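Just protein_13.txt here, compact mmCIF, C-alpha atoms and all ligand atoms:
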# COMPACT_ATOMS: atom_id res chain seq x y z
CA MET A 1 54.12 20.89 31.58
CA VAL A 2 53.53 17.21 32.26
CA GLY A 3 52.97 15.90 35.77
CA PRO A 4 55.30 13.37 37.39
CA GLU A 5 57.92 12.19 34.90
CA ALA A 6 57.38 8.74 33.48
CA PRO A 7 60.06 6.13 34.29
CA LEU A 8 63.20 6.20 32.15
CA ILE A 9 63.73 3.35 29.70
CA THR A 10 66.79 1.37 30.82
CA ILE A 11 68.79 -1.42 29.20
CA GLY A 12 68.64 -3.76 32.17
CA VAL A 13 65.32 -5.52 31.65
CA PRO A 14 66.02 -8.89 29.98
CA GLY A 15 64.00 -9.35 26.81
CA SER A 16 63.02 -5.66 26.57
CA PHE A 17 63.64 -3.81 23.31
CA ALA A 18 66.52 -1.79 24.81
CA TRP A 19 68.09 -4.93 26.28
CA LYS A 20 67.93 -6.62 22.86
CA VAL A 21 69.70 -3.66 21.23
CA PHE A 22 72.68 -4.35 23.50
CA HIS A 23 72.51 -8.14 23.58
CA GLU A 24 71.50 -8.89 19.99
CA ARG A 25 71.95 -5.88 17.73
CA HIS A 26 75.34 -4.68 18.94
CA PRO A 27 77.05 -8.09 18.55
CA ALA A 28 75.71 -8.27 14.98
CA MET A 29 76.92 -4.74 14.27
CA ILE A 30 80.41 -5.48 15.55
CA GLU A 31 80.60 -8.62 13.46
CA GLN A 32 79.67 -6.54 10.45
CA LEU A 33 82.35 -3.94 11.24
CA CYS A 34 85.00 -6.62 11.53
CA ALA A 35 83.95 -7.97 8.13
CA ALA A 36 83.99 -4.50 6.57
CA PHE A 37 87.52 -3.55 7.71
CA PRO A 38 90.74 -5.59 8.13
CA TYR A 39 91.05 -4.52 11.74
CA GLY A 40 94.01 -6.11 13.54
CA ALA A 41 93.79 -8.25 16.66
CA ASP A 42 94.13 -5.14 18.88
CA VAL A 43 91.01 -3.47 17.48
CA ARG A 44 89.06 -6.72 17.34
CA GLY A 45 90.03 -7.40 20.94
CA ARG A 46 88.89 -3.94 22.06
CA LEU A 47 85.56 -4.40 20.29
CA ALA A 48 85.05 -7.77 21.98
CA ASP A 49 85.91 -6.19 25.35
CA LEU A 50 83.40 -3.43 24.69
CA LEU A 51 80.67 -5.99 24.03
CA ARG A 52 81.53 -7.86 27.21
CA GLU A 53 81.61 -4.67 29.26
CA THR A 54 78.32 -3.30 27.95
CA THR A 55 76.39 -6.55 28.32
CA GLY A 56 77.57 -7.61 31.76
CA GLY A 57 80.17 -5.26 33.18
CA VAL A 58 80.57 -1.88 34.78
CA VAL A 59 80.91 1.46 33.03
CA GLU A 60 84.58 2.27 32.32
CA PRO A 61 85.87 5.78 31.59
CA LEU A 62 87.31 7.07 28.32
CA GLY A 63 91.11 7.14 28.15
CA ASP A 64 92.74 10.23 29.68
CA ASP A 65 94.05 11.26 26.28
CA ALA A 66 90.60 11.27 24.61
CA PRO A 67 89.94 14.74 23.17
CA ASP A 68 86.52 14.85 24.83
CA HIS A 69 87.62 13.19 28.08
CA GLY A 70 86.51 16.18 30.17
CA VAL A 71 83.04 16.50 28.74
CA TRP A 72 82.40 12.77 29.04
CA ALA A 73 83.81 12.71 32.58
CA ALA A 74 80.97 15.09 33.47
CA TRP A 75 78.32 13.24 31.45
CA ALA A 76 79.40 9.92 32.96
CA ALA A 77 80.18 11.10 36.51
CA ASP A 78 77.16 9.39 38.08
CA ARG A 79 77.63 6.16 36.16
CA LEU A 80 81.34 5.31 36.14
CA GLY A 81 81.97 2.07 38.02
CA GLY A 82 78.28 1.21 38.13
CA PRO A 83 76.67 -1.63 36.15
CA TRP A 84 75.73 -0.90 32.55
CA SER A 85 72.42 -2.62 33.22
CA ASP A 86 71.39 0.28 35.49
CA CYS A 87 71.91 2.86 32.75
CA SER A 88 69.18 4.56 30.80
CA PHE A 89 68.84 3.44 27.18
CA LEU A 90 69.55 6.94 25.87
CA TRP A 91 72.72 7.39 27.89
CA ALA A 92 74.00 3.85 27.38
CA GLU A 93 73.53 3.77 23.62
CA SER A 94 75.25 7.11 23.16
CA TYR A 95 78.23 6.12 25.31
CA PHE A 96 78.40 2.76 23.53
CA PHE A 97 78.91 4.54 20.20
CA ARG A 98 81.52 6.87 21.70
CA ARG A 99 83.41 3.89 23.13
CA LEU A 100 83.14 2.07 19.80
CA LEU A 101 84.97 4.98 18.14
CA ALA A 102 87.65 4.67 20.81
CA ALA A 103 87.93 0.93 20.16
CA VAL A 104 88.51 1.38 16.42
CA GLY A 105 91.13 4.11 16.96
CA TYR A 106 89.04 6.91 15.49
CA PHE A 107 90.61 9.56 17.71
CA GLU A 108 94.06 8.05 18.27
CA PRO A 109 97.17 8.93 16.32
CA GLY A 110 97.59 6.00 13.94
CA PRO A 111 96.28 4.51 10.69
CA TRP A 112 92.63 4.31 11.71
CA ARG A 113 92.39 7.90 12.89
CA GLY A 114 89.39 9.64 11.33
CA ILE A 115 88.25 6.52 9.43
CA ASP A 116 84.47 6.30 9.72
CA PRO A 117 83.78 2.66 10.72
CA PHE A 118 80.28 2.93 9.30
CA ALA A 119 81.25 4.44 5.93
CA PRO A 120 80.98 1.14 3.98
CA MET A 121 77.41 0.59 5.22
CA LYS A 122 76.36 4.16 4.43
CA GLU A 123 77.99 3.96 1.01
CA ALA A 124 76.24 0.65 0.23
CA GLU A 125 72.90 2.14 1.26
CA LEU A 126 73.44 5.22 -0.92
CA ARG A 127 74.23 3.05 -3.93
CA SER A 128 71.53 0.45 -3.26
CA THR A 129 68.78 -0.33 -5.76
CA GLY A 130 66.17 0.88 -3.27
CA THR A 131 67.78 4.31 -2.99
CA ALA A 132 68.31 4.46 -6.76
CA GLU A 133 64.61 3.81 -7.34
CA VAL A 134 63.56 6.51 -4.88
CA LEU A 135 65.94 9.02 -6.45
CA ALA A 136 64.80 8.18 -9.99
CA ALA A 137 61.18 8.72 -8.90
CA LEU A 138 62.10 12.32 -8.09
CA ASP A 139 61.86 13.05 -11.81
CA ALA A 140 58.08 13.16 -11.42
CA LEU A 141 58.24 15.87 -8.76
CA PRO A 142 58.32 18.98 -10.98
CA ARG A 143 55.20 17.77 -12.81
CA LEU A 144 53.09 17.51 -9.65
CA SER A 145 50.67 20.17 -8.50
CA GLU A 146 51.92 22.43 -5.73
CA ALA A 147 49.74 20.65 -3.16
CA ASP A 148 50.96 17.22 -4.24
CA ARG A 149 54.57 18.39 -4.12
CA ASP A 150 54.01 19.68 -0.57
CA ASP A 151 52.61 16.30 0.38
CA THR A 152 55.22 14.21 -1.40
CA VAL A 153 58.31 15.89 -0.01
CA VAL A 154 57.03 15.55 3.56
CA ARG A 155 56.06 11.91 3.12
CA ALA A 156 59.48 11.17 1.58
CA ALA A 157 61.23 12.86 4.52
CA VAL A 158 59.15 10.87 7.04
CA TRP A 159 59.51 7.46 5.43
CA GLY A 160 63.13 8.13 4.48
CA ASN A 161 63.70 7.54 8.19
CA GLN A 162 62.99 3.85 7.65
CA ALA A 163 66.41 3.61 6.06
CA ASP A 164 68.32 3.20 9.29
CA LEU A 165 71.19 0.75 9.22
CA ALA A 166 71.45 0.19 12.99
CA PHE A 167 67.81 -0.69 12.88
CA ARG A 168 68.15 -3.17 10.05
CA MET A 169 70.63 -5.19 12.04
CA SER A 170 67.87 -6.85 13.99
CA ALA A 171 66.31 -9.76 12.20
CA GLY A 172 62.97 -8.94 10.65
CA ALA A 173 63.16 -5.28 11.63
CA GLU A 174 61.98 -3.96 8.30
CA GLY A 175 58.26 -3.79 8.84
CA ALA A 176 55.84 -2.97 6.08
CA ALA A 177 54.93 0.70 5.91
CA ALA A 178 51.62 0.44 7.71
CA GLY A 179 50.97 4.13 8.11
CA LEU A 180 51.03 7.25 10.17
CA VAL A 181 49.86 6.89 13.76
CA THR A 182 49.30 10.62 14.02
CA GLY A 183 49.72 13.73 11.87
CA ASP A 184 50.23 14.23 8.16
CA SER A 185 51.85 16.71 5.80
CA GLN A 186 49.22 19.35 6.65
CA VAL A 187 50.31 19.22 10.27
CA PHE A 188 53.84 19.77 9.05
CA TRP A 189 52.96 22.76 6.85
CA SER A 190 50.73 24.34 9.49
CA LEU A 191 53.86 25.54 11.30
CA PHE A 192 55.11 27.56 8.33
CA GLY A 193 54.12 31.17 7.76
CA GLU A 194 56.35 34.04 6.74
CA PRO A 195 59.73 33.02 5.29
CA GLY A 196 62.28 32.54 8.05
CA PRO A 197 65.30 30.51 9.03
CA VAL A 198 64.43 26.82 9.18
CA HIS A 199 66.65 24.37 11.05
CA LEU A 200 66.65 20.68 10.14
CA VAL A 201 68.24 18.29 12.64
CA ALA A 202 69.26 15.43 10.39
CA ASP A 203 69.31 11.76 11.23
CA ASN A 204 70.55 9.10 8.81
CA SER A 205 72.72 9.57 5.74
CA ALA A 206 72.13 8.05 2.30
CA GLY A 207 68.44 7.81 1.27
CA GLU A 208 67.11 9.66 4.31
CA LEU A 209 69.55 12.53 3.90
CA ALA A 210 68.72 12.71 0.18
CA ALA A 211 65.02 13.05 1.09
CA ASP A 212 65.94 15.74 3.64
CA LEU A 213 67.83 17.66 0.97
CA VAL A 214 64.78 17.45 -1.30
CA LEU A 215 62.68 18.90 1.54
CA ILE A 216 65.22 21.68 2.13
CA ASP A 217 65.25 22.48 -1.59
CA HIS A 218 61.45 22.66 -1.55
CA LEU A 219 61.40 24.89 1.55
CA LEU A 220 63.71 27.37 -0.18
CA ALA A 221 62.01 27.12 -3.57
CA THR A 222 58.55 27.79 -2.13
CA GLY A 223 59.75 30.64 0.11
CA ARG A 224 58.81 28.84 3.34
CA ALA A 225 62.45 29.24 4.35
CA ASP A 226 64.73 32.13 3.54
CA ARG A 227 67.69 30.16 4.90
CA VAL A 228 68.20 26.62 6.14
CA VAL A 229 70.58 25.33 8.78
CA LEU A 230 71.27 21.61 8.52
CA HIS A 231 72.52 20.06 11.76
CA VAL A 232 74.55 16.87 11.44
CA LYS A 233 76.65 14.74 13.79
CA PRO A 234 80.22 15.84 14.50
CA THR A 235 81.42 12.21 14.43
CA PRO A 236 80.10 8.84 13.21
CA TYR A 237 77.21 7.76 15.43
CA TYR A 238 74.40 5.18 15.58
CA VAL A 239 75.84 3.52 12.46
CA SER A 240 74.15 5.52 9.73
CA ASP A 241 73.86 9.03 11.17
CA ALA A 242 74.93 11.76 8.78
CA THR A 243 78.16 13.73 9.23
CA LEU A 244 79.43 16.58 7.06
CA ALA A 245 81.47 14.05 5.03
CA ASP A 246 78.21 12.21 4.32
CA VAL A 247 76.47 15.41 3.22
CA VAL A 248 79.24 16.03 0.70
CA GLY A 249 79.17 12.37 -0.42
CA VAL A 250 75.40 12.39 -0.92
CA LEU A 251 75.56 15.70 -2.81
CA ARG A 252 78.25 14.39 -5.17
CA HIS A 253 76.17 11.27 -5.71
CA LEU A 254 73.02 13.27 -6.49
CA VAL A 255 74.78 15.63 -8.88
CA GLY A 256 76.27 12.63 -10.69
CA LEU A 257 72.83 11.09 -11.20
CA GLY A 258 71.42 13.94 -13.30
CA GLY A 259 67.64 14.31 -13.63
CA GLU A 260 65.71 15.94 -10.79
CA ALA A 261 67.98 14.31 -8.18
CA GLY A 262 70.93 15.97 -9.89
CA ALA A 263 69.13 19.31 -10.02
CA VAL A 264 68.34 19.13 -6.29
CA GLY A 265 71.97 18.20 -5.62
CA GLN A 266 73.26 21.12 -7.68
CA ARG A 267 70.89 23.65 -6.09
CA THR A 268 71.88 22.42 -2.64
CA TRP A 269 75.56 22.64 -3.54
CA ASP A 270 75.01 26.23 -4.74
CA GLY A 271 72.98 27.03 -1.60
CA LEU A 272 75.88 25.89 0.56
CA ARG A 273 78.30 28.01 -1.46
CA ASP A 274 76.20 31.16 -1.28
CA GLY A 275 75.18 30.73 2.38
CA ARG A 276 71.43 30.08 1.99
CA ILE A 277 72.18 26.65 3.44
CA GLU A 278 74.62 26.13 6.28
CA VAL A 279 75.78 22.91 7.90
CA ARG A 280 76.56 22.76 11.61
CA ALA A 281 77.88 19.88 13.72
CA HIS A 282 77.46 20.90 17.35
CA PRO A 283 79.01 18.38 19.81
CA PHE A 284 75.70 18.20 21.66
CA PHE A 285 74.24 16.20 18.76
CA CYS A 286 76.37 13.27 20.00
CA ALA A 287 75.60 13.88 23.68
CA PRO A 288 73.81 11.26 25.80
CA LEU A 289 71.27 13.83 26.95
CA GLU A 290 67.77 15.00 26.16
CA TYR A 291 67.26 18.27 24.27
CA ARG A 292 65.79 19.69 27.47
CA ALA A 293 69.44 19.84 28.67
CA MET A 294 70.92 21.50 25.57
CA PRO A 295 73.69 24.03 26.20
CA THR A 296 73.06 27.76 25.99
CA ASP A 297 74.78 28.33 22.64
CA LEU A 298 72.74 25.66 20.87
CA ARG A 299 69.55 26.82 22.60
CA ALA A 300 70.18 30.38 21.40
CA GLU A 301 70.80 29.17 17.87
CA LEU A 302 67.64 27.05 17.71
CA ALA A 303 65.64 29.86 19.33
CA SER A 304 66.29 31.88 16.17
CA ALA A 305 64.58 29.24 13.99
CA SER A 306 61.13 29.93 12.58
CA VAL A 307 60.71 26.14 12.66
CA THR A 308 62.99 23.28 13.73
CA ILE A 309 62.46 19.96 11.94
CA MET A 310 63.53 16.98 14.06
CA LYS A 311 64.25 13.88 12.02
CA GLY A 312 64.17 10.32 13.18
CA ASP A 313 63.77 8.11 16.17
CA LEU A 314 66.75 9.11 18.26
CA ASN A 315 66.02 12.83 17.89
CA TYR A 316 62.45 12.07 18.96
CA ARG A 317 63.65 10.23 22.06
CA ARG A 318 65.86 13.19 22.95
CA LEU A 319 63.07 15.66 22.22
CA VAL A 320 60.24 14.15 24.25
CA GLY A 321 62.35 12.25 26.82
CA ASP A 322 63.20 8.55 26.50
CA ARG A 323 60.60 7.40 28.97
CA TYR A 324 57.66 5.08 29.31
CA TRP A 325 55.19 7.91 28.71
CA PRO A 326 51.55 6.93 28.42
CA ALA A 327 51.00 7.11 24.64
CA THR A 328 48.27 9.71 25.18
CA THR A 329 50.62 12.23 26.88
CA PRO A 330 50.22 15.45 24.87
CA PHE A 331 53.16 16.13 22.56
CA ALA A 332 53.04 19.87 23.32
CA ASP A 333 53.47 19.17 27.04
CA VAL A 334 56.68 17.18 26.69
CA VAL A 335 58.30 19.60 24.22
CA ASP A 336 57.48 22.71 26.26
CA HIS A 337 61.23 23.16 26.88
CA PHE A 338 62.07 23.54 23.19
CA PRO A 339 63.13 27.02 22.06
CA SER A 340 61.31 27.19 18.69
CA PRO A 341 58.26 25.78 16.94
CA VAL A 342 59.16 22.16 16.34
CA VAL A 343 57.96 19.36 14.12
CA ALA A 344 59.02 15.72 14.47
CA LEU A 345 59.16 13.42 11.42
CA ARG A 346 59.84 9.93 12.68
CA VAL A 347 59.43 6.26 11.93
CA LEU A 348 58.74 4.46 15.22
CA LYS A 349 61.74 2.28 16.12
CA SER A 350 61.79 2.34 19.90
CA GLU A 351 59.27 2.16 22.68
CA VAL A 352 58.66 5.82 23.38
CA VAL A 353 55.65 7.52 21.85
CA VAL A 354 53.38 10.38 22.91
CA GLY A 355 50.55 12.39 21.42
CA LEU A 356 48.25 9.56 20.34
CA ASP A 357 44.54 9.60 20.94
CA GLU A 358 43.13 6.91 23.20
CA ALA A 359 41.35 5.03 20.42
CA THR A 360 44.41 4.89 18.15
CA ALA A 361 46.68 3.68 20.95
CA ALA A 362 44.14 1.04 22.00
CA ALA A 363 43.61 -0.17 18.42
CA LEU A 364 47.36 -0.47 17.84
CA ASP A 365 47.87 -2.33 21.11
CA ALA A 366 45.00 -4.66 20.23
CA THR A 367 46.78 -5.81 17.07
CA GLY A 368 49.42 -7.51 19.22
CA ASP A 369 52.05 -6.25 16.72
CA SER A 370 55.24 -4.56 17.85
CA TRP A 371 54.02 -1.32 16.28
CA ARG A 372 56.24 0.86 18.47
CA THR A 373 59.49 -0.79 17.43
CA SER A 374 59.08 -2.58 14.10
CA GLY A 375 59.51 0.46 11.86
CA SER A 376 56.14 -0.08 10.25
CA HIS A 377 54.53 3.11 11.61
CA ALA A 378 55.46 6.74 11.49
CA LEU A 379 54.29 10.08 12.82
CA VAL A 380 54.25 13.79 12.17
CA GLN A 381 53.87 15.88 15.32
CA ALA A 382 54.15 19.62 15.63
CA ALA A 383 53.95 22.11 18.45
CA VAL A 384 54.62 25.71 19.25
CA PRO A 385 56.11 25.47 22.74
CA GLY A 386 54.30 27.68 25.16
CA GLY A 387 51.25 27.44 22.92
CA ALA A 388 48.75 24.83 21.86
CA ALA A 389 49.88 21.72 19.97
CA VAL A 390 49.30 21.97 16.26
CA THR A 391 48.80 18.23 15.88
CA ARG A 392 45.28 17.05 15.13
O1 LIG B 401 68.10 6.46 12.99
P1 LIG B 401 67.00 6.70 13.96
O2 LIG B 401 65.68 6.88 13.33
O3 LIG B 401 67.34 7.80 14.92
O4 LIG B 401 66.85 5.38 14.78
C1 LIG B 401 67.81 4.96 15.63
C2 LIG B 401 67.14 4.02 16.52
O5 LIG B 401 67.64 2.78 16.29
C3 LIG B 401 67.89 2.19 17.52
O6 LIG B 401 69.28 2.22 17.68
C4 LIG B 401 67.38 0.86 17.62
O7 LIG B 401 66.08 0.84 17.23
C5 LIG B 401 67.18 3.04 18.51
O8 LIG B 401 67.74 2.87 19.68
C6 LIG B 401 67.33 4.36 17.92
O9 LIG B 401 66.44 5.25 18.47
Kindly present the structure from the file in structure tokens form.
Ligand SMILES: O=P(O)(O)OC[C@H]1O[C@](O)(CO)[C@@H](O)[C@@H]1O
Amino acid sequence: MVGPEAPLITIGVPGSFAWKVFHERHPAMIEQLCAAFPYGADVRGRLADLLRETTGGVVEPLGDDAPDHGVWAAWAADRLGGPWSDCSFLWAESYFFRRLLAAVGYFEPGPWRGIDPFAPMKEAELRSTGTAEVLAALDALPRLSEADRDDTVVRAAVWGNQADLAFRMSAGAEGAAAGLVTGDSQVFWSLFGEPGPVHLVADNSAGELAADLVLIDHLLATGRADRVVLHVKPTPYYVSDATLADVVGVLRHLVGLGGEAGAVGQRTWDGLRDGRIEVRAHPFFCAPLEYRAMPTDLRAELASASVTIMKGDLNYRRLVGDRYWPATTPFADVVDHFPSPVVALRVLKSEVVVGLDEATAAALDATGDSWRTSGSHALVQAAVPGGAAVTR
């Protein structure tokens, strides 16, 4: 267990990364939404109000008729009526996305009910040249040695996390892939022993989800998993996060491509039909809370996993705590609450990071680059809670 908790990252510090997400990225995202859909003046007005509220106002409640009014009333109890600028980054960003769904009428009776506001962006990403190239390259996979396949599928799942649409909305966010700051595919595989149920907590749709499905296929094919549970978001979230509708869309796309991508798509489709793969969408995956606070039913479910794979930046923030940890804080210490062996595959896109050695952290800081937030670095970190960290 770590000593005194590090300070929470908040959105109220002008010029900080979290502040810029609210003051620069969100306005750009809303502009993009209004270009992607012919929203009427009512929706456009509500989106503009949301921007005003979240950048300079106080936290307003969800409408009384919201289906999740009760749960959010509890999650927001301490914050309602207080300034947004006092809120933690994790809480504020999550509530922002929930309020955005309210603004576009996602839950209300009416024409926009159930329409995913981010679907056009996810669709464009899935059909982009970049994704097409990555999926075509899969044809080489069956010809690789077993060791190279092990390495390739993990690297693809890590770097697939670069494809994050919320992230791309900041100018110049797409950093070059500089490298892993800690861990590698061996760290990943060191957690796997006898076949067991593997849980993968997904992040983004499109290219990242396709890479995750390749990893799942490989886990089943090599007997590292006897069953896989894929956790997705119950509703649209953080722009590109995968929902069940996205899983089906990506699978149809893969099957339509043929080649190895098509074969992976077909095997995954069959796995879903025969129960070797299951998809879940627990409401907690859209909660503004750290995994430390997960409810009992989800905790029990993840406790049954032989390994849980946590994808992406947001899952990492929720796993280790979205705090200004010293970068050398041991990973195993901050995930001691987690109910199963856990491995994080993440491209760094926000300020939090743990588990680095002193020399690496110092060398990265010395570059003067925004290595924590530019998306140019990634990590693989594994731990068996209650035991020693597996990371090197
Ligand atoms: O899709 P990912 O990898 O979870 O990244 C989402 C990240 O993007 C941001 O919205 C902005 O960088 C972060 O706040 C968040 O952690």
| remark: One residue among A:Val228, A:Met29, A:Leu101, A:Val354 is nearest to Leu62 of chain A when using all atoms listed in the file, and that residue is A:Leu101
| task | Pick out the residues sitting within 7 Å of segment 235-252 of chain A, and hand them over as a list in words; count all atoms listed in the file, and ignore anything fewer than 2 positions along from it in its own chain. | result |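 So the residues in contact are Phe97, Asp116, Phe118, Lys122, Asp164, Leu165, Ala166, Ala202, Asp203, Asn204, Ser205, Ala206, Ala210, Val232, Lys233, Leu254, Val255, Gly256, Gly265 and Trp269 of chain A.
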| message | Could you list the protein, DNA and RNA residues that have any atom within 10 Å of ligand LIG 401 (chain B), counting only C-alpha atoms and all ligand atoms, and write them as a VMD selection string? | response | chain A and resid 17 to 18 20 to 22 25 to 26 89 to 90 92 to 94 158 160 to 170 173 202 to 205 208 237 to 242 310 to 318 322 345 to 352 372 to 375
| With distances taken over only C-alpha atoms, which of A:Arg323, A:Arg52, A:His23, A:Arg98 is nearest to Ala287 of chain A? |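 Of the candidates, the smallest distance to Ala287 of chain A is held by A:Arg98.
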| field | Residue nearest Glu146 of chain A among A:Ala221, A:Leu191, A:Leu257, A:Leu289 (counting all atoms listed in the file) | value |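 Residue with the minimum atom-to-atom distance to Glu146 of chain A: A:Ala221.
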| task | Quick one: everything within 10 Å of segment 180-182 of chain A, counting only C-alpha atoms, minus sequence neighbours fewer than 2 positions away in the same chain. Send it as a list in words. | result |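 Returned residues: Arg155, Val158, Trp159, Ala177, Ala178, Asp184, Val187, Arg346, Val347, Leu348, Val353, Val354, Gly355, Leu356, Asp357, Thr360, Ala361, Leu364, Trp371, Arg372, Ser376, His377, Ala378, Leu379, Val380, Gln381, Thr391 and Arg392 of chain A.
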| query | In Å, with one decimal, what is the gap from atom CA of Asp270 of chain A to atom CA of Leu219 of chain A? | reply |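 Those two atoms sit 15.1 Å apart.
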| field | Test item: residues at most 10 Å from Gly271 of chain A, all atoms listed in the file, excluding those fewer than 5 positions along its chain, as a PyMOL selection string | value | chain A and resi 217+220+227-228+265-266+276-278
| Of the candidates A:Ala77, A:Val134, A:Ala281, A:Ala305, which one gets nearest to Pro195 of chain A if we count only C-alpha atoms? |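 Smallest separation from Pro195 of chain A among the options: A:Ala305.
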| query | Which polymer residues have any atom within 10 Å of an atom of Asp139 of chain A, counting only C-alpha atoms, with same-chain residues fewer than 5 positions away left out, as JSON, numbers by chain? | reply | {"A": [134, 258, 259, 260, 261, 262, 263]}
| message | Measuring between only C-alpha atoms, which one of A:Ala74, A:Leu200, A:Ala303, A:Ile30 shows the shortest distance to Pro117 of chain A? | response |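 Residue with the minimum atom-to-atom distance to Pro117 of chain A: A:Ile30.
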| Straight-line distance linking atom CA of Val214 of chain A with atom CA of Val334 of chain A, stated in Å to one decimal |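 That distance, rounded to one decimal, is 29.1 Å.
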| query | Expressed in Å to a single decimal, how great is the separation between atom CA of Val201 of chain A and atom CA of Ala103 of chain A? | reply | 27.3 Å
| message | Env of Val104 of chain A: 8 Å cut, atoms = all atoms listed in the file, seq-sep filter 3 positions within chain, self excluded. Answer as JSON, numbers by chain. | response | {"A": [39, 43, 46, 47, 100, 101, 112, 117]}
Let me know the centre plus edge lengths, in Å and rounded to one decimal, of a box with edges along x, y and z that contains all listed atoms of segment 57-65 of chain A and is padded by 3 Å on every side, as JSON.
{"center_x": 87.1, "center_y": 3.0, "center_z": 30.5, "size_x": 19.9, "size_y": 22.5, "size_z": 14.5}
| task | Tell me which of A:Thr268, A:Ser190, A:Thr367, A:Thr328 sits closest to Val384 of chain A, counting only C-alpha atoms. | result |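 Checking each of A:Thr268, A:Ser190, A:Thr367, A:Thr328 against Val384 of chain A, counting only C-alpha atoms, the winner is A:Ser190.
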